[in-house]
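> What follows is final14.txt, compact mmCIF, C-alpha atoms and all ligand atoms.
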```
# COMPACT_ATOMS: atom_id res chain seq x y z
CA MET D 1 23.25 -5.57 11.58
CA ASP D 2 24.76 -6.31 8.17
CA GLN D 3 22.55 -4.49 5.65
CA MET D 4 20.92 -1.14 5.07
CA VAL D 5 17.20 -0.98 5.83
CA VAL D 6 16.13 2.54 6.81
CA GLY D 7 19.63 3.61 7.81
CA PRO D 8 23.01 2.00 7.18
CA SER D 9 23.97 -1.30 8.78
CA LEU D 10 25.75 -1.28 12.11
CA ALA D 11 28.67 -2.97 10.32
CA GLU D 12 28.90 0.00 7.93
CA ILE D 13 28.59 2.49 10.78
CA ARG D 14 31.42 0.69 12.57
CA ARG D 15 33.58 0.81 9.43
CA LEU D 16 32.95 4.55 9.11
CA TYR D 17 33.22 5.56 12.78
CA LEU D 18 35.58 3.16 14.59
CA GLY D 19 37.86 5.32 16.76
CA LYS D 20 35.80 8.45 16.02
CA PRO D 21 33.22 8.76 18.82
CA ASP D 22 33.17 12.55 18.50
CA ASP D 23 32.25 12.37 14.81
CA PHE D 24 29.57 9.77 15.61
CA VAL D 25 27.99 12.09 18.20
CA LYS D 26 28.28 15.06 15.83
CA TRP D 27 26.43 13.19 13.08
CA SER D 28 23.75 11.89 15.44
CA VAL D 29 23.03 15.38 16.78
CA ALA D 30 23.06 17.02 13.33
CA PRO D 31 22.69 14.40 10.57
CA LYS D 32 22.88 15.49 6.96
CA LYS D 33 21.55 14.14 3.71
CA LYS D 34 24.27 11.76 2.53
CA ARG D 35 22.97 8.67 0.72
CA PRO D 36 20.87 9.58 -2.32
CA HIS D 37 18.31 6.77 -1.84
CA ALA D 38 17.90 7.09 1.92
CA ILE D 39 15.47 9.30 3.79
CA GLU D 40 16.96 12.05 5.95
CA MET D 41 17.86 10.87 9.42
CA PRO D 42 16.13 12.84 12.18
CA SER D 43 18.39 14.45 14.80
CA MET D 44 18.99 12.35 17.89
CA VAL D 45 19.97 15.38 19.99
CA HIS D 46 17.37 14.41 22.63
CA VAL D 47 19.39 11.26 23.45
CA GLY D 48 22.16 13.44 24.90
CA ASP D 49 25.93 13.23 24.68
CA GLU D 50 26.25 10.49 27.29
CA GLY D 51 23.56 8.32 25.71
CA LEU D 52 25.03 8.71 22.23
CA ARG D 53 28.48 7.74 23.50
CA ALA D 54 26.99 4.65 25.14
CA ILE D 55 25.24 3.78 21.84
CA TYR D 56 28.55 4.33 20.05
CA GLU D 57 30.32 1.86 22.37
CA HIS D 58 27.51 -0.63 21.91
CA VAL D 59 27.51 -0.39 18.08
CA MET D 60 31.30 -0.74 17.88
CA LYS D 61 31.11 -3.82 20.09
CA VAL D 62 28.16 -5.67 18.50
CA ALA D 63 29.26 -4.96 14.93
CA GLU D 64 32.81 -6.18 15.43
CA GLY D 65 33.57 -8.95 12.92
CA VAL D 66 30.18 -8.59 11.17
CA LYS D 67 30.51 -8.69 7.37
CA GLU D 68 28.48 -6.18 5.38
CA LYS D 69 26.11 -7.88 2.96
CA LYS D 70 26.24 -6.81 -0.68
CA GLN D 71 22.87 -5.36 -1.54
CA ASP D 72 20.55 -4.78 -4.38
CA PRO D 73 19.87 -1.04 -4.15
CA GLY D 74 16.14 -1.60 -4.72
CA ASP D 75 13.32 -1.97 -2.27
CA PRO D 76 14.72 -3.11 1.10
CA TYR D 77 11.37 -4.61 2.08
CA LYS D 78 11.02 -6.70 -1.06
CA ALA D 79 12.57 -9.78 0.49
CA SER D 80 10.55 -9.61 3.70
CA ALA D 81 7.81 -12.10 4.45
CA VAL D 82 5.37 -9.27 5.24
CA TYR D 83 5.83 -7.81 1.79
CA ALA D 84 5.32 -11.15 0.09
CA ALA D 85 2.22 -12.08 2.12
CA ARG D 86 -1.01 -12.60 0.17
CA PRO D 87 -3.64 -11.38 0.46
CA GLN D 88 -2.33 -7.97 1.40
CA VAL D 89 -3.82 -4.54 2.09
CA GLN D 90 -1.45 -1.62 1.66
CA ARG D 91 -2.24 2.03 2.35
CA ILE D 92 0.04 3.75 -0.13
CA PHE D 93 0.04 6.50 -2.78
CA MET D 94 -1.04 5.01 -6.10
CA PRO D 95 -1.21 6.37 -9.66
CA ASN D 96 -4.61 7.61 -10.89
CA ALA D 97 -6.22 7.72 -7.45
CA SER D 98 -6.67 10.22 -4.63
CA PRO D 99 -4.03 10.27 -1.85
CA ALA D 100 -6.33 7.94 0.12
CA ALA D 101 -5.60 4.97 -2.15
CA ILE D 102 -5.61 1.42 -0.80
CA ALA D 103 -3.85 -1.27 -2.81
CA VAL D 104 -5.18 -4.78 -2.30
CA ALA D 105 -3.50 -7.99 -3.43
CA LEU D 106 -6.42 -10.42 -3.54
CA ASP D 107 -3.96 -13.22 -4.21
CA ALA D 108 -0.63 -13.61 -6.03
CA THR D 109 -2.02 -12.62 -9.43
CA ASN D 110 -5.10 -10.39 -8.93
CA SER D 111 -4.82 -6.92 -7.40
CA LEU D 112 -6.78 -3.71 -7.26
CA CYS D 113 -6.70 -0.09 -6.18
CA TRP D 114 -9.62 1.11 -4.11
CA ASP D 115 -9.90 4.82 -3.42
CA ALA D 116 -11.14 5.70 0.07
CA GLY D 117 -11.32 9.38 -0.91
CA ALA D 118 -13.68 8.88 -3.84
CA CYS D 119 -15.19 5.70 -2.26
CA ARG D 120 -14.81 3.63 -5.39
CA LEU D 121 -12.77 1.05 -7.19
CA ARG D 122 -10.23 2.76 -9.44
CA TYR D 123 -8.70 -0.14 -11.34
CA ALA D 124 -7.77 -3.80 -11.17
CA TRP D 125 -4.76 -5.54 -12.61
CA THR D 126 -3.31 -8.98 -13.07
CA GLY D 127 0.29 -10.12 -12.83
CA GLY D 128 1.85 -9.03 -9.55
CA PHE D 129 1.08 -6.47 -6.85
CA ILE D 130 2.94 -3.17 -6.42
CA ASP D 131 6.47 -1.87 -6.22
CA GLY D 132 6.42 0.46 -3.23
CA PHE D 133 10.07 1.48 -3.45
CA PRO D 134 9.54 4.81 -5.27
CA TYR D 135 7.26 5.74 -2.35
CA TRP D 136 9.23 4.27 0.57
CA ARG D 137 12.54 5.78 -0.43
CA GLY D 138 11.22 9.33 -0.73
CA ASN D 139 9.35 11.77 1.44
CA GLY D 140 5.90 10.68 0.30
CA SER D 141 5.82 12.68 -2.93
CA SER D 142 6.32 9.63 -5.18
CA LEU D 143 3.82 6.95 -6.10
CA ALA D 144 4.05 3.19 -5.92
CA THR D 145 3.92 1.50 -9.31
CA VAL D 146 1.63 -1.27 -10.49
CA VAL D 147 3.36 -4.59 -11.18
CA GLY D 148 1.38 -6.28 -13.94
CA THR D 149 -1.21 -5.10 -16.45
CA VAL D 150 -4.25 -2.98 -15.64
CA LYS D 151 -7.23 -4.84 -17.12
CA TYR D 152 -10.19 -2.89 -15.76
CA THR D 153 -10.49 0.81 -14.99
CA GLU D 154 -13.72 2.05 -13.51
CA ALA D 155 -14.69 5.48 -14.85
CA GLN D 156 -16.96 6.46 -11.95
CA SER D 157 -18.87 5.05 -9.00
CA PRO D 158 -21.39 2.45 -10.26
CA PHE D 159 -23.95 4.25 -8.09
CA GLY D 160 -23.50 7.42 -10.16
CA ALA D 161 -21.00 10.25 -10.39
CA GLY D 162 -21.18 13.46 -8.40
CA LYS D 163 -22.99 12.01 -5.37
CA GLU D 164 -21.88 12.90 -1.90
CA VAL D 165 -19.72 10.12 -0.47
CA LYS D 166 -18.26 9.40 2.94
CA PHE D 167 -15.78 6.66 3.69
CA LEU D 168 -16.78 4.69 6.81
CA GLY D 169 -13.70 2.47 7.05
CA TYR D 170 -13.16 -1.20 6.41
CA THR D 171 -13.20 -4.45 8.30
CA ILE D 172 -10.91 -7.38 7.58
CA LYS D 173 -12.12 -10.95 7.17
CA ASP D 174 -9.84 -13.71 5.90
CA LYS D 175 -7.20 -11.00 5.42
CA LEU D 176 -9.35 -9.17 2.85
CA PRO D 177 -11.11 -5.86 3.39
CA THR D 178 -14.81 -5.09 3.24
CA PHE D 179 -15.04 -1.39 2.41
CA ARG D 180 -17.92 0.62 3.88
CA TYR D 181 -19.12 3.95 2.65
CA GLN D 182 -22.08 6.17 2.41
CA ILE D 183 -23.27 7.33 -0.99
CA GLY D 184 -26.30 9.59 -1.02
CA ALA D 185 -28.83 8.13 1.41
CA GLN D 186 -27.41 4.62 1.33
CA THR D 187 -24.68 2.72 3.10
CA VAL D 188 -22.79 0.36 0.85
CA THR D 189 -20.28 -2.38 1.59
CA GLU D 190 -18.05 -3.74 -1.09
CA ARG D 191 -15.85 -6.81 -0.91
CA PHE D 192 -13.56 -8.45 -3.47
CA THR D 193 -12.25 -11.99 -3.76
CA ALA D 194 -10.00 -13.41 -6.47
CA LEU D 195 -10.95 -15.67 -9.33
CA LYS D 196 -8.32 -18.23 -10.35
CA GLU D 197 -4.84 -17.17 -11.50
CA GLY D 198 -5.06 -13.68 -12.84
CA THR D 199 -8.52 -14.00 -14.34
CA GLY D 200 -10.39 -11.43 -12.30
CA PHE D 201 -12.51 -11.18 -9.18
CA HIS D 202 -15.88 -11.45 -7.51
CA ARG D 203 -17.26 -8.22 -6.14
CA THR D 204 -20.01 -8.41 -3.53
CA PHE D 205 -22.09 -5.37 -2.67
CA ALA D 206 -24.59 -4.86 0.12
CA VAL D 207 -26.86 -1.81 0.09
CA THR D 208 -28.83 -0.55 3.12
CA PRO D 209 -31.50 0.57 3.27
CA THR D 210 -32.59 -1.18 0.09
CA PRO D 211 -33.90 1.31 -2.48
CA ALA D 212 -37.62 2.05 -2.86
CA ALA D 213 -37.53 1.47 -6.63
CA PRO D 214 -35.40 -0.72 -8.94
CA MET D 215 -31.83 0.43 -9.02
CA THR D 216 -29.39 0.56 -11.93
CA LEU D 217 -25.63 0.41 -11.51
CA GLU D 218 -23.34 1.41 -14.35
CA PHE D 219 -19.99 -0.31 -14.65
CA THR D 220 -17.43 0.52 -17.31
CA ALA D 221 -17.31 -1.24 -20.68
CA GLN D 222 -13.84 -2.40 -21.63
CA ASP D 223 -12.26 -4.83 -24.07
CA GLY D 224 -11.47 -8.15 -22.45
CA VAL D 225 -13.79 -7.57 -19.48
CA THR D 226 -16.95 -9.66 -19.06
CA LEU D 227 -19.44 -8.92 -16.30
CA THR D 228 -22.03 -11.26 -14.85
CA SER D 229 -24.23 -10.88 -11.78
CA ASP D 230 -25.93 -13.40 -9.49
CA LYS D 231 -28.97 -11.12 -9.23
CA GLY D 232 -30.86 -8.67 -11.41
CA THR D 233 -30.53 -8.12 -15.14
CA MET D 234 -27.23 -7.35 -16.74
CA LYS D 235 -27.30 -5.47 -20.04
CA GLY D 236 -23.72 -5.00 -21.17
CA THR D 237 -22.20 -3.22 -18.19
CA SER D 238 -25.50 -1.99 -16.79
CA LEU D 239 -27.04 -3.92 -13.91
CA THR D 240 -30.67 -3.39 -12.89
CA LEU D 241 -31.79 -4.81 -9.56
CA ALA D 242 -35.17 -5.18 -7.93
CA PRO D 243 -35.20 -3.37 -4.55
CA ALA D 244 -34.91 -6.59 -2.50
CA ASP D 245 -32.02 -7.86 -4.63
CA ALA D 246 -29.96 -4.76 -3.81
CA ALA D 247 -29.56 -6.03 -0.22
CA THR D 248 -26.67 -8.18 -1.40
CA PHE D 249 -25.47 -9.17 -4.86
CA THR D 250 -22.25 -10.42 -6.40
CA LEU D 251 -20.74 -9.52 -9.74
CA THR D 252 -18.06 -11.53 -11.44
CA PHE D 253 -15.45 -9.58 -13.38
CA SER D 254 -13.71 -11.91 -15.82
CA LEU D 255 -10.56 -10.32 -17.15
CA LYS D 256 -8.75 -11.46 -20.28
C1 LIG D 301 20.32 7.24 18.66
C2 LIG D 301 19.84 6.83 17.50
C3 LIG D 301 20.62 6.88 16.20
C4 LIG D 301 21.97 6.91 16.01
C5 LIG D 301 23.08 6.89 17.04
C6 LIG D 301 22.17 6.94 14.57
C7 LIG D 301 23.42 6.95 13.96
C8 LIG D 301 23.63 6.99 12.58
C9 LIG D 301 24.91 6.98 11.94
C10 LIG D 301 26.27 6.96 12.66
C11 LIG D 301 24.71 7.03 10.61
C12 LIG D 301 25.78 6.99 9.50
C13 LIG D 301 26.30 8.36 9.18
C14 LIG D 301 27.28 8.35 8.02
O1 LIG D 301 27.07 7.64 7.04
O2 LIG D 301 28.29 9.07 8.09
C15 LIG D 301 23.27 7.07 10.40
C16 LIG D 301 22.65 7.17 9.19
C17 LIG D 301 21.29 7.18 8.99
N1 LIG D 301 20.32 7.05 9.97
FE1 LIG D 301 20.66 7.05 11.94
N2 LIG D 301 20.95 6.95 13.95
C18 LIG D 301 19.97 6.92 14.90
C19 LIG D 301 18.62 6.92 14.70
C20 LIG D 301 18.00 6.95 13.47
C21 LIG D 301 16.57 6.95 13.26
C22 LIG D 301 15.53 6.95 14.37
C23 LIG D 301 16.38 6.96 11.92
C24 LIG D 301 15.12 6.95 11.12
C25 LIG D 301 13.92 7.17 11.57
C26 LIG D 301 17.67 6.97 11.30
C27 LIG D 301 17.88 6.97 9.95
C28 LIG D 301 19.11 7.06 9.35
C29 LIG D 301 19.28 7.20 7.92
C30 LIG D 301 18.18 7.23 6.88
C31 LIG D 301 20.66 7.29 7.69
C32 LIG D 301 21.33 7.51 6.33
C33 LIG D 301 21.25 8.97 6.01
C34 LIG D 301 21.93 9.39 4.73
O3 LIG D 301 22.87 8.71 4.32
O4 LIG D 301 21.52 10.38 4.12
N3 LIG D 301 18.62 6.97 12.27
N4 LIG D 301 22.64 7.03 11.63
```
Kindly transcribe the structure held in the file into structure tokens.

Amino acid sequence: MDQMVVGPSLAEIRRLYLGKPDDFVKWSVAPKKKRPHAIEMPSMVHVGDEGLRAIYEHVMKVAEGVKEKKQDPGDPYKASAVYAARPQVQRIFMPNASPAAIAVALDATNSLCWDAGACRLRYAWTGGFIDGFPYWRGNGSSLATVVGTVKYTEAQSPFGAGKEVKFLGYTIKDKLPTFRYQIGAQTVTERFTALKEGTGFHRTFAVTPTPAAPMTLEFTAQDGVTLTSDKGTMKGTSLTLAPADAATFTLTFSLK
């Protein structure tokens, strides 16, 4: 009513079009690109002249006396409760990931980017979540930006690079996703939960069927990142698991 979200507020439309129903209909049938930060409005020609005139009358009536709110020209969703909710899963275009990126806010201070195209964790950061405005305001060609500091970047799938992968979707439990994918002959699930206040995350894997021989997973060595595992033997960033232990195991990524 009083502020721009996708299109201008009804109060602004009233200010621009009061007494000009013909211009209102003309715009609605053939809108143009006008506001630099808005998307292009699709034509409403299918509504028809009569419908558009009825909408015009309605807008002029409901917006009468409504004051336009002064607005920060940034992300219109920033103030919404949905945007601020934690945890949060957001399908959005992210830097350094395939177009099938999924941004996950584990809590207020720990976030990560999981790539459903490559079926792997790309990076994790601490601080905030994302700023989606560069993406939302455009036509999908821009990327969201990371809010905070990237602390861990995974160079390749821990199960090995160059293997055939297939994303099988994710389920949500306690508002957090469990990613499922196939890599080689195995189905893997991967789930993340936050450690306290920007200090990293737990990462639980489940592998089926369990491998015939011991299995080694390679994570990525990085300053300020310490890895521990509840099963197997960890040597630096290399984890070796007995076949039975691969069924489910949890790593802790402590980030400095
Ligand atoms: C019957 C339905 C609609 C009517 C009557 C309508 C009417 C209008 C009017 C009068 C304006 C202001 C034009 C100006 O500034 O001179 C406007 C702008 C806009 N509308 Fe709509 N609209 C409708 C549906 C939609 C829909 C479905 C969308 C988006 C999916 C949309 C998105 C926009 C945007 C983004 C602008 C700003 C465009 C720019 O400044 O470049 N509108 N609309």
> Considering all atoms listed in the file, can you say which of D:Arg14, D:Val29, D:Thr145, D:Ile39 comes closest to ligand LIG 301 (chain D)?
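Comparing D:Arg14, D:Val29, D:Thr145, D:Ile39 against ligand LIG 301 (chain D), the winner is D:Ile39.
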> From the set D:Ala81, D:Ala185, D:Ala11, D:Leu52, which residue has the shortest atom-to-atom contact distance to ligand LIG 301 (chain D), counting all atoms listed in the file?
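For ligand LIG 301 (chain D), the nearest of the candidates is D:Leu52.
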> Rank D:Lys70, D:Lys20, D:Arg35, D:Arg203 by their smallest atom-to-atom distance to ligand LIG 301 (chain D), using only C-alpha atoms and all ligand atoms, and report the top residue only.
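Ranked by minimum distance to ligand LIG 301 (chain D), first place goes to D:Arg35.
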> Please identify all protein, DNA and RNA residues within 12 Å of ligand LIG 301 (chain D), counting all atoms listed in the file, and report them as a PyMOL selection string.
chain D and resi 4-18+20-60+136-139
> Can you list, as an mmCIF file with C-alpha atoms, in the coordinates of the input, every protein, DNA or RNA residue that comes within 7 Å of D:Arg191 when you count all atoms listed in the file, leaving out same-chain residues fewer than 2 positions away?

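Written output follows (selection12.cif):
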```cif
data_model
loop_
_atom_site.group_PDB
_atom_site.id
_atom_site.type_symbol
_atom_site.label_atom_id
_atom_site.label_comp_id
_atom_site.auth_asym_id
_atom_site.auth_seq_id
_atom_site.Cartn_x
_atom_site.Cartn_y
_atom_site.Cartn_z
ATOM 1 C CA PRO D 177 -11.110 -5.860 3.390
ATOM 2 C CA THR D 178 -14.810 -5.090 3.240
ATOM 3 C CA PHE D 179 -15.040 -1.390 2.410
ATOM 4 C CA THR D 189 -20.280 -2.380 1.590
ATOM 5 C CA THR D 193 -12.250 -11.990 -3.760
ATOM 6 C CA ARG D 203 -17.260 -8.220 -6.140
ATOM 7 C CA THR D 204 -20.010 -8.410 -3.530
ATOM 8 C CA PHE D 205 -22.090 -5.370 -2.670
#
```
> Using only C-alpha atoms, what table do you get, as JSON lines, when you list each residue of stretch 61-136 of chain D with an atom no more than 12 Å from stretch 216-240 of chain D, its nearest pair of atoms, and their distance in Å rounded to one decimal, rows by chain then rising number?

```
{"residue": "D:Arg120", "atom": "CA", "partner": "D:Phe219", "partner_atom": "CA", "distance": 11.3}
{"residue": "D:Leu121", "atom": "CA", "partner": "D:Phe219", "partner_atom": "CA", "distance": 10.5}
{"residue": "D:Arg122", "atom": "CA", "partner": "D:Thr220", "partner_atom": "CA", "distance": 10.9}
{"residue": "D:Tyr123", "atom": "CA", "partner": "D:Thr220", "partner_atom": "CA", "distance": 10.6}
{"residue": "D:Ala124", "atom": "CA", "partner": "D:Val225", "partner_atom": "CA", "distance": 10.9}
{"residue": "D:Trp125", "atom": "CA", "partner": "D:Val225", "partner_atom": "CA", "distance": 11.5}
```
> Could you name the residues that touch D:Gly198 at 10 Å or less, counting all atoms listed in the file, but leaving out those on the same chain fewer than 6 positions away, as a ChimeraX atom specification?
/D:106-111,125-128,148,254-256
> To one decimal in Å, tell me the separation between atom CA of D:Gln186 and atom CA of D:Pro211.
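These two atoms are separated by 8.2 Å.
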> Between D:His202, D:Tyr170, D:Pro158, D:Ala103, which has the minimum distance to D:Met215 (counting all atoms listed in the file)?
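Among the listed residues, D:Pro158 lies closest to D:Met215.
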> Measure the distance from atom CA of D:Lys163 to atom CA of D:Ala105 in Å and round it to one decimal.
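Atom-to-atom, atom CA of D:Lys163 to atom CA of D:Ala105, that is 28.0 Å.
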> Mind pulling up the distance from atom CA of D:Ala247 to atom CA of D:Cys113?
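Interatomic distance, atom CA of D:Cys113 to atom CA of D:Ala247: 24.4 Å.
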> May I ask which of the residues D:Thr171, D:Thr248, D:Ser141, D:Thr187 is the closest one to D:Phe159, counting only C-alpha atoms?
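Comparing D:Thr171, D:Thr248, D:Ser141, D:Thr187 against D:Phe159, the winner is D:Thr187.
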> Measuring atom to atom with all atoms listed in the file, identify which of D:Ile172, D:Leu112, D:Gln156, D:Pro99 is nearest to D:Ser142.
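Answer, going by the shortest atom-to-atom distance: D:Pro99.
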